[in-house]
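Novice: I'd like to ask some things about the structure below.
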Amino acid sequence: FRLFKMPAQGKANGKSKAKPIAGGASDGEKYVNVQEMWKKELSEKDGDNQLAWYSKALDYWKASEASVNGVLGGFQEVSPADLQETHEFLKEVRQEIVPYGTELCIDCGCGIGRVAVAVLVNLFDKVDLMEPCANLMDKAKEDVPVSKLGEVILDSLQNFHPKFQSYDCIFIQWATLYLTDEHLVDCWKRCKDGLKDGGIIFLKENITRNGRFHIDKEDSSITRCDSQYKELFQLAGLELLAEKDQVVWPDDLFPVKMYVLR
């Protein structure tokens with residue numbers, strides 16, 4: 001998982017909130033702001049669907065091994081702590097913040113079903129799976145218990161159109177970094193409509209701590225800073241109910257943060 005590798009980051013500027021968010025790329029390219037970056041990165045892409053931006057990520061993951069080590073880019077040792085803190089926060093949210101239902105959850109970008117098997121099947125009656133890579137989805141379908149397996153959707157997050165008020169929880173981890181800002185906002189608007197009354201969107205994603213974004217040119221992904229995510233939440237009309245950092249995590253990897261939205 002390429003975006004685990006964190007480049008050197010400078011200290012955050014306390015006044016940066018009032019300034020455009022700048023960023024850089026894995027090849028050393030610099031961007032004055034996120035608008036310049038998207039204009040540059042998408043200017044030579046294929047049409048309105050920006051197919052070339054997404055094809056790099058698909059090609060990268062299609063070539064990955066269908067194992068925990070494969071989907072975590074060689075960092076399989078982080079999986080137990082990641083799963084534990086996800087499970088604990090989901091339970092804490094249900095008990096103390098919003099008593100979301102337990103009938104149906106979807107794991108968006110489920111990979112091999114790592115989170116679905118270890119966490120989601122223990123909290124929900126049924127778990128739908130969505131994943132664009134068939135090699136990873138095949139493994140997920142094998143490992144998720146038949147009694148818990150719901151609908152299987154072989155597609156990407158930017159194409160997700162949930163049925164109206166169908167989910168108690170839409171779970172998204174390490175998938176939004178592959179979407180353009182425009183597609184991400186549109187996706188979240190559809191996700192909001194796809195929630196049952198009292199339902200939540202649970203987002204877990206890499207972030208930067210220096211107030212800048214980082215582009216990985218190899219797989220066309222963006223690691224955003226916390227303020228970028230919160231701006232996009234607002235654009236999508238989402239309410240931020242809770243947020244929490246992943247505590248047990250290597251210092252040399254991008255920090256990870258959890259957000260609960262509706």
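If you're wondering about the labels, chains in the structure tokens are A, B, ... by order shown, residues count from 1 in each chain, ligands from 1 in order shown.
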Skip stretch 202-212 of chain A itself and residues of its chain fewer than 2 positions away, then list as an NGL selection string all residues within 7 Å of it, counting only C-alpha atoms.
Specialist: :A and (9-12 or 21-23 or 169-174 or 200 or 214 or 223-226 or 254-261)
Novice: Extract, using only C-alpha atoms, all DNA, RNA and protein residues at most 7 Å from stretch 103-120 of chain A, discarding same-chain residues fewer than 4 positions from it, and format them as a tab-separated table (two decimals) with N, CA and C atoms, in the first residue's frame.
Specialist:
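New file selection_9.tsv:
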```tsv
chain	number	residue	atom	x	y	z
A	66	ALA	N	-3.40	-11.30	-3.19
A	66	ALA	CA	-4.64	-11.33	-2.43
A	66	ALA	C	-4.40	-11.89	-1.03
A	67	SER	N	-3.68	-11.13	-0.22
A	67	SER	CA	-3.35	-11.52	1.15
A	67	SER	C	-3.30	-10.26	1.99
A	71	VAL	N	-2.46	-6.54	0.46
A	71	VAL	CA	-3.32	-5.35	0.47
A	71	VAL	C	-2.78	-4.25	1.38
A	83	LEU	N	-7.41	-3.14	13.09
A	83	LEU	CA	-8.70	-3.81	13.27
A	83	LEU	C	-9.25	-3.59	14.67
A	87	HIS	N	-12.78	-1.62	15.50
A	87	HIS	CA	-13.85	-2.33	16.21
A	87	HIS	C	-14.27	-1.55	17.47
A	124	PHE	N	-22.77	-6.57	12.45
A	124	PHE	CA	-23.94	-6.43	11.58
A	124	PHE	C	-24.45	-7.81	11.14
A	125	ASP	N	-25.77	-7.87	10.88
A	125	ASP	CA	-26.38	-9.13	10.46
A	125	ASP	C	-25.90	-9.55	9.07
A	126	LYS	N	-25.78	-8.56	8.18
A	126	LYS	CA	-25.32	-8.81	6.82
A	126	LYS	C	-24.30	-7.74	6.43
A	127	VAL	N	-23.34	-8.14	5.60
A	127	VAL	CA	-22.33	-7.21	5.11
A	127	VAL	C	-22.24	-7.33	3.59
A	128	ASP	N	-22.57	-6.25	2.89
A	128	ASP	CA	-22.35	-6.18	1.45
A	128	ASP	C	-20.88	-5.86	1.20
A	129	LEU	N	-20.38	-6.32	0.08
A	129	LEU	CA	-18.98	-6.07	-0.29
A	129	LEU	C	-18.92	-5.33	-1.61
A	130	MET	N	-18.07	-4.30	-1.67
A	130	MET	CA	-17.82	-3.61	-2.93
A	130	MET	C	-16.32	-3.49	-3.13
A	131	GLU	N	-15.85	-3.91	-4.29
A	131	GLU	CA	-14.42	-3.92	-4.59
A	131	GLU	C	-14.24	-4.00	-6.11
A	136	LEU	N	-9.10	-9.69	-5.65
A	136	LEU	CA	-9.28	-9.42	-4.23
A	136	LEU	C	-10.68	-9.81	-3.76
A	137	MET	N	-11.67	-9.51	-4.59
A	137	MET	CA	-13.05	-9.85	-4.23
A	137	MET	C	-13.24	-11.35	-4.09
A	139	LYS	N	-11.21	-13.52	-2.95
A	139	LYS	CA	-10.72	-13.89	-1.62
A	139	LYS	C	-11.71	-13.47	-0.54
A	140	ALA	N	-12.26	-12.25	-0.68
A	140	ALA	CA	-13.24	-11.76	0.29
A	140	ALA	C	-14.46	-12.67	0.35
A	143	ASP	N	-13.83	-15.78	2.34
A	143	ASP	CA	-13.56	-15.66	3.78
A	143	ASP	C	-14.74	-15.14	4.59
A	144	VAL	N	-15.61	-14.35	3.99
A	144	VAL	CA	-16.78	-13.86	4.73
A	144	VAL	C	-17.77	-15.01	4.89
A	157	LEU	N	-15.57	2.90	-5.97
A	157	LEU	CA	-16.31	3.80	-5.09
A	157	LEU	C	-16.93	4.96	-5.85
A	167	TYR	N	-28.76	1.37	4.10
A	167	TYR	CA	-27.66	0.92	4.95
A	167	TYR	C	-27.68	1.53	6.34
A	168	ASP	N	-27.35	0.70	7.32
A	168	ASP	CA	-27.13	1.19	8.69
A	168	ASP	C	-25.73	1.80	8.80
A	169	CYS	N	-24.79	1.27	8.03
A	169	CYS	CA	-23.41	1.78	8.05
A	169	CYS	C	-22.78	1.61	6.67
A	170	ILE	N	-22.22	2.67	6.17
A	170	ILE	CA	-21.39	2.62	4.97
A	170	ILE	C	-19.96	2.79	5.43
A	171	PHE	N	-19.20	1.71	5.34
A	171	PHE	CA	-17.83	1.68	5.85
A	171	PHE	C	-16.85	1.87	4.69
A	172	ILE	N	-15.95	2.85	4.84
A	172	ILE	CA	-14.98	3.17	3.78
A	172	ILE	C	-13.60	3.34	4.41
A	175	ALA	N	-9.92	4.08	0.67
A	175	ALA	CA	-10.50	4.10	-0.67
A	175	ALA	C	-10.71	5.51	-1.20
```
Novice: Closest to A:Asp59 among A:Glu142, A:Trp249, A:Glu151, A:Asn135, using only C-alpha atoms?
Specialist: A:Asn135
Novice: Env of stretch 188-195 of chain A: 8 Å cut, atoms = only C-alpha atoms, seq-sep filter 3 positions within chain, self excluded. Answer as a list in words.
Specialist: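 After dropping sequence-adjacent residues, the list is Phe160, His161, Pro162, Lys163, Phe164, Gln165, Ser166, Tyr167, Asp168, Cys169, Ile170, Leu184, Val185, Gly198, Gly199, Ile200, Ile201, Ala236, Gly237, Leu238 and Arg262 of chain A.
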Novice: Using only C-alpha atoms, which of A:Ile97, A:Gly24, A:Ser43, A:Val34 sits nearest A:Leu240?
Specialist: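 Closest candidate: A:Ile97.
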Novice: From stretch 94-246 of chain A, collect each residue whose DSSP state is alpha helix (DSSP H) and return the set as an MDAnalysis selection string.
Specialist: chainID A and resid 94:96 114:118 134:143 181:193 226:235
Novice: Could you please determine the separation between atom CA of A:Phe213 and atom CA of A:Val78 in Å, to one decimal place?
Specialist: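 These atoms are spaced 22.9 Å apart.
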Novice: Taking the chain letters and numbering used in this document, name the residues of stretch 103-252 of chain A that DSSP puts in strand (DSSP E), as an MDAnalysis selection string.
Specialist: chainID A and resid 104:108 126:130 149:153 167:173 195:206 213:216 221:223 240:245
Novice: Using only C-alpha atoms, can you tell me which of A:Asp82, A:Gly74, A:Cys187, A:Glu96 comes closest to A:Gln246?
Specialist: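 Using only C-alpha atoms, A:Gln246 sits closest to A:Asp82.
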Novice: Distance atom CA of A:Arg94-atom CA of A:Lys148, one decimal place?
Specialist: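 About the pair atom CA of A:Arg94 and atom CA of A:Lys148: they are 19.9 Å apart.
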Novice: A:Ile222: which residues within 9 Å, counting only C-alpha atoms, same-chain residues fewer than 6 positions away excluded, as a PDB file with all heavy atoms, in the first residue's frame?
Specialist:
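Wrote around_8.pdb, looks like this:
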```
ATOM      1  N   LEU A   3       0.651   4.468  -0.095  1.00  0.00           N
ATOM      2  CA  LEU A   3       0.475   5.687   0.691  1.00  0.00           C
ATOM      3  C   LEU A   3       0.763   5.488   2.164  1.00  0.00           C
ATOM      4  O   LEU A   3       0.623   6.406   2.955  1.00  0.00           O
ATOM      5  CB  LEU A   3      -0.928   6.254   0.483  1.00  0.00           C
ATOM      6  CG  LEU A   3      -1.010   7.317  -0.609  1.00  0.00           C
ATOM      7  CD1 LEU A   3      -0.284   8.577  -0.204  1.00  0.00           C
ATOM      8  CD2 LEU A   3      -0.457   6.821  -1.930  1.00  0.00           C
ATOM      9  N   ALA A  25       4.213  15.989  -4.684  1.00  0.00           N
ATOM     10  CA  ALA A  25       4.021  14.665  -5.258  1.00  0.00           C
ATOM     11  C   ALA A  25       5.233  13.788  -5.024  1.00  0.00           C
ATOM     12  O   ALA A  25       6.313  14.264  -4.657  1.00  0.00           O
ATOM     13  CB  ALA A  25       3.731  14.778  -6.753  1.00  0.00           C
ATOM     14  N   THR A 176     -11.010   6.462  -0.307  1.00  0.00           N
ATOM     15  CA  THR A 176     -11.297   7.824  -0.774  1.00  0.00           C
ATOM     16  C   THR A 176     -10.057   8.524  -1.320  1.00  0.00           C
ATOM     17  O   THR A 176     -10.176   9.495  -2.063  1.00  0.00           O
ATOM     18  CB  THR A 176     -11.898   8.691   0.352  1.00  0.00           C
ATOM     19  OG1 THR A 176     -10.953   8.810   1.427  1.00  0.00           O
ATOM     20  CG2 THR A 176     -13.180   8.089   0.881  1.00  0.00           C
ATOM     21  N   LEU A 177      -8.874   8.036  -0.986  1.00  0.00           N
ATOM     22  CA  LEU A 177      -7.649   8.652  -1.495  1.00  0.00           C
ATOM     23  C   LEU A 177      -7.487   8.460  -2.992  1.00  0.00           C
ATOM     24  O   LEU A 177      -6.654   9.115  -3.618  1.00  0.00           O
ATOM     25  CB  LEU A 177      -6.424   8.121  -0.751  1.00  0.00           C
ATOM     26  CG  LEU A 177      -5.899   6.720  -1.058  1.00  0.00           C
ATOM     27  CD1 LEU A 177      -4.542   6.507  -0.359  1.00  0.00           C
ATOM     28  CD2 LEU A 177      -6.844   5.637  -0.632  1.00  0.00           C
ATOM     29  N   TYR A 178      -8.304   7.585  -3.596  1.00  0.00           N
ATOM     30  CA  TYR A 178      -8.221   7.363  -5.038  1.00  0.00           C
ATOM     31  C   TYR A 178      -9.226   8.196  -5.825  1.00  0.00           C
ATOM     32  O   TYR A 178      -9.197   8.203  -7.054  1.00  0.00           O
ATOM     33  CB  TYR A 178      -8.415   5.880  -5.350  1.00  0.00           C
ATOM     34  CG  TYR A 178      -7.288   5.041  -4.812  1.00  0.00           C
ATOM     35  CD1 TYR A 178      -7.490   4.175  -3.736  1.00  0.00           C
ATOM     36  CD2 TYR A 178      -6.006   5.144  -5.339  1.00  0.00           C
ATOM     37  CE1 TYR A 178      -6.448   3.427  -3.215  1.00  0.00           C
ATOM     38  CE2 TYR A 178      -4.957   4.405  -4.818  1.00  0.00           C
ATOM     39  CZ  TYR A 178      -5.187   3.551  -3.762  1.00  0.00           C
ATOM     40  OH  TYR A 178      -4.137   2.827  -3.246  1.00  0.00           O
ATOM     41  N   LEU A 179     -10.124   8.894  -5.134  1.00  0.00           N
ATOM     42  CA  LEU A 179     -11.149   9.681  -5.811  1.00  0.00           C
ATOM     43  C   LEU A 179     -10.744  11.148  -5.927  1.00  0.00           C
ATOM     44  O   LEU A 179     -10.150  11.711  -5.011  1.00  0.00           O
ATOM     45  CB  LEU A 179     -12.491   9.594  -5.077  1.00  0.00           C
ATOM     46  CG  LEU A 179     -13.429   8.452  -5.496  1.00  0.00           C
ATOM     47  CD1 LEU A 179     -12.811   7.099  -5.204  1.00  0.00           C
ATOM     48  CD2 LEU A 179     -14.775   8.598  -4.804  1.00  0.00           C
ATOM     49  N   THR A 180     -11.100  11.742  -7.045  1.00  0.00           N
ATOM     50  CA  THR A 180     -10.936  13.188  -7.180  1.00  0.00           C
ATOM     51  C   THR A 180     -11.891  13.866  -6.198  1.00  0.00           C
ATOM     52  O   THR A 180     -12.879  13.267  -5.751  1.00  0.00           O
ATOM     53  CB  THR A 180     -11.266  13.651  -8.603  1.00  0.00           C
ATOM     54  OG1 THR A 180     -12.661  13.421  -8.868  1.00  0.00           O
ATOM     55  CG2 THR A 180     -10.421  12.911  -9.642  1.00  0.00           C
ATOM     56  N   PHE A 213      -1.206  18.431   1.095  1.00  0.00           N
ATOM     57  CA  PHE A 213      -1.614  17.147   0.527  1.00  0.00           C
ATOM     58  C   PHE A 213      -0.422  16.509  -0.182  1.00  0.00           C
ATOM     59  O   PHE A 213       0.570  17.176  -0.493  1.00  0.00           O
ATOM     60  CB  PHE A 213      -2.801  17.314  -0.443  1.00  0.00           C
ATOM     61  CG  PHE A 213      -2.526  18.208  -1.624  1.00  0.00           C
ATOM     62  CD1 PHE A 213      -1.925  17.718  -2.774  1.00  0.00           C
ATOM     63  CD2 PHE A 213      -2.883  19.556  -1.591  1.00  0.00           C
ATOM     64  CE1 PHE A 213      -1.672  18.534  -3.864  1.00  0.00           C
ATOM     65  CE2 PHE A 213      -2.634  20.388  -2.674  1.00  0.00           C
ATOM     66  CZ  PHE A 213      -2.031  19.872  -3.816  1.00  0.00           C
ATOM     67  N   HIS A 214      -0.529  15.204  -0.406  1.00  0.00           N
ATOM     68  CA  HIS A 214       0.559  14.477  -1.072  1.00  0.00           C
ATOM     69  C   HIS A 214      -0.024  13.584  -2.166  1.00  0.00           C
ATOM     70  O   HIS A 214      -0.947  12.808  -1.913  1.00  0.00           O
ATOM     71  CB  HIS A 214       1.329  13.616  -0.069  1.00  0.00           C
ATOM     72  CG  HIS A 214       2.413  12.792  -0.696  1.00  0.00           C
ATOM     73  ND1 HIS A 214       3.621  13.322  -1.063  1.00  0.00           N
ATOM     74  CD2 HIS A 214       2.449  11.482  -1.038  1.00  0.00           C
ATOM     75  CE1 HIS A 214       4.378  12.374  -1.595  1.00  0.00           C
ATOM     76  NE2 HIS A 214       3.691  11.247  -1.596  1.00  0.00           N
ATOM     77  N   ILE A 215       0.526  13.712  -3.383  1.00  0.00           N
ATOM     78  CA  ILE A 215       0.092  12.920  -4.527  1.00  0.00           C
ATOM     79  C   ILE A 215       1.103  11.809  -4.787  1.00  0.00           C
ATOM     80  O   ILE A 215       2.306  12.061  -4.848  1.00  0.00           O
ATOM     81  CB  ILE A 215      -0.022  13.795  -5.793  1.00  0.00           C
ATOM     82  CG1 ILE A 215      -1.067  14.891  -5.606  1.00  0.00           C
ATOM     83  CG2 ILE A 215      -0.365  12.927  -7.011  1.00  0.00           C
ATOM     84  CD1 ILE A 215      -2.480  14.390  -5.481  1.00  0.00           C
ATOM     85  N   ASP A 216       0.597  10.585  -4.935  1.00  0.00           N
ATOM     86  CA  ASP A 216       1.449   9.480  -5.362  1.00  0.00           C
ATOM     87  C   ASP A 216       1.200   9.267  -6.850  1.00  0.00           C
ATOM     88  O   ASP A 216       0.102   8.903  -7.257  1.00  0.00           O
ATOM     89  CB  ASP A 216       1.125   8.212  -4.572  1.00  0.00           C
ATOM     90  CG  ASP A 216       2.156   7.118  -4.804  1.00  0.00           C
ATOM     91  OD1 ASP A 216       2.429   6.817  -5.982  1.00  0.00           O
ATOM     92  OD2 ASP A 216       2.692   6.590  -3.823  1.00  0.00           O
TER      93      ASP A 216
END
```
Novice: Could you check how far atom CA of A:Asp251 sits from atom CA of A:Ser79, in Å to one decimal?
Specialist: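 Between atom CA of A:Asp251 and atom CA of A:Ser79 the gap works out to 15.2 Å.
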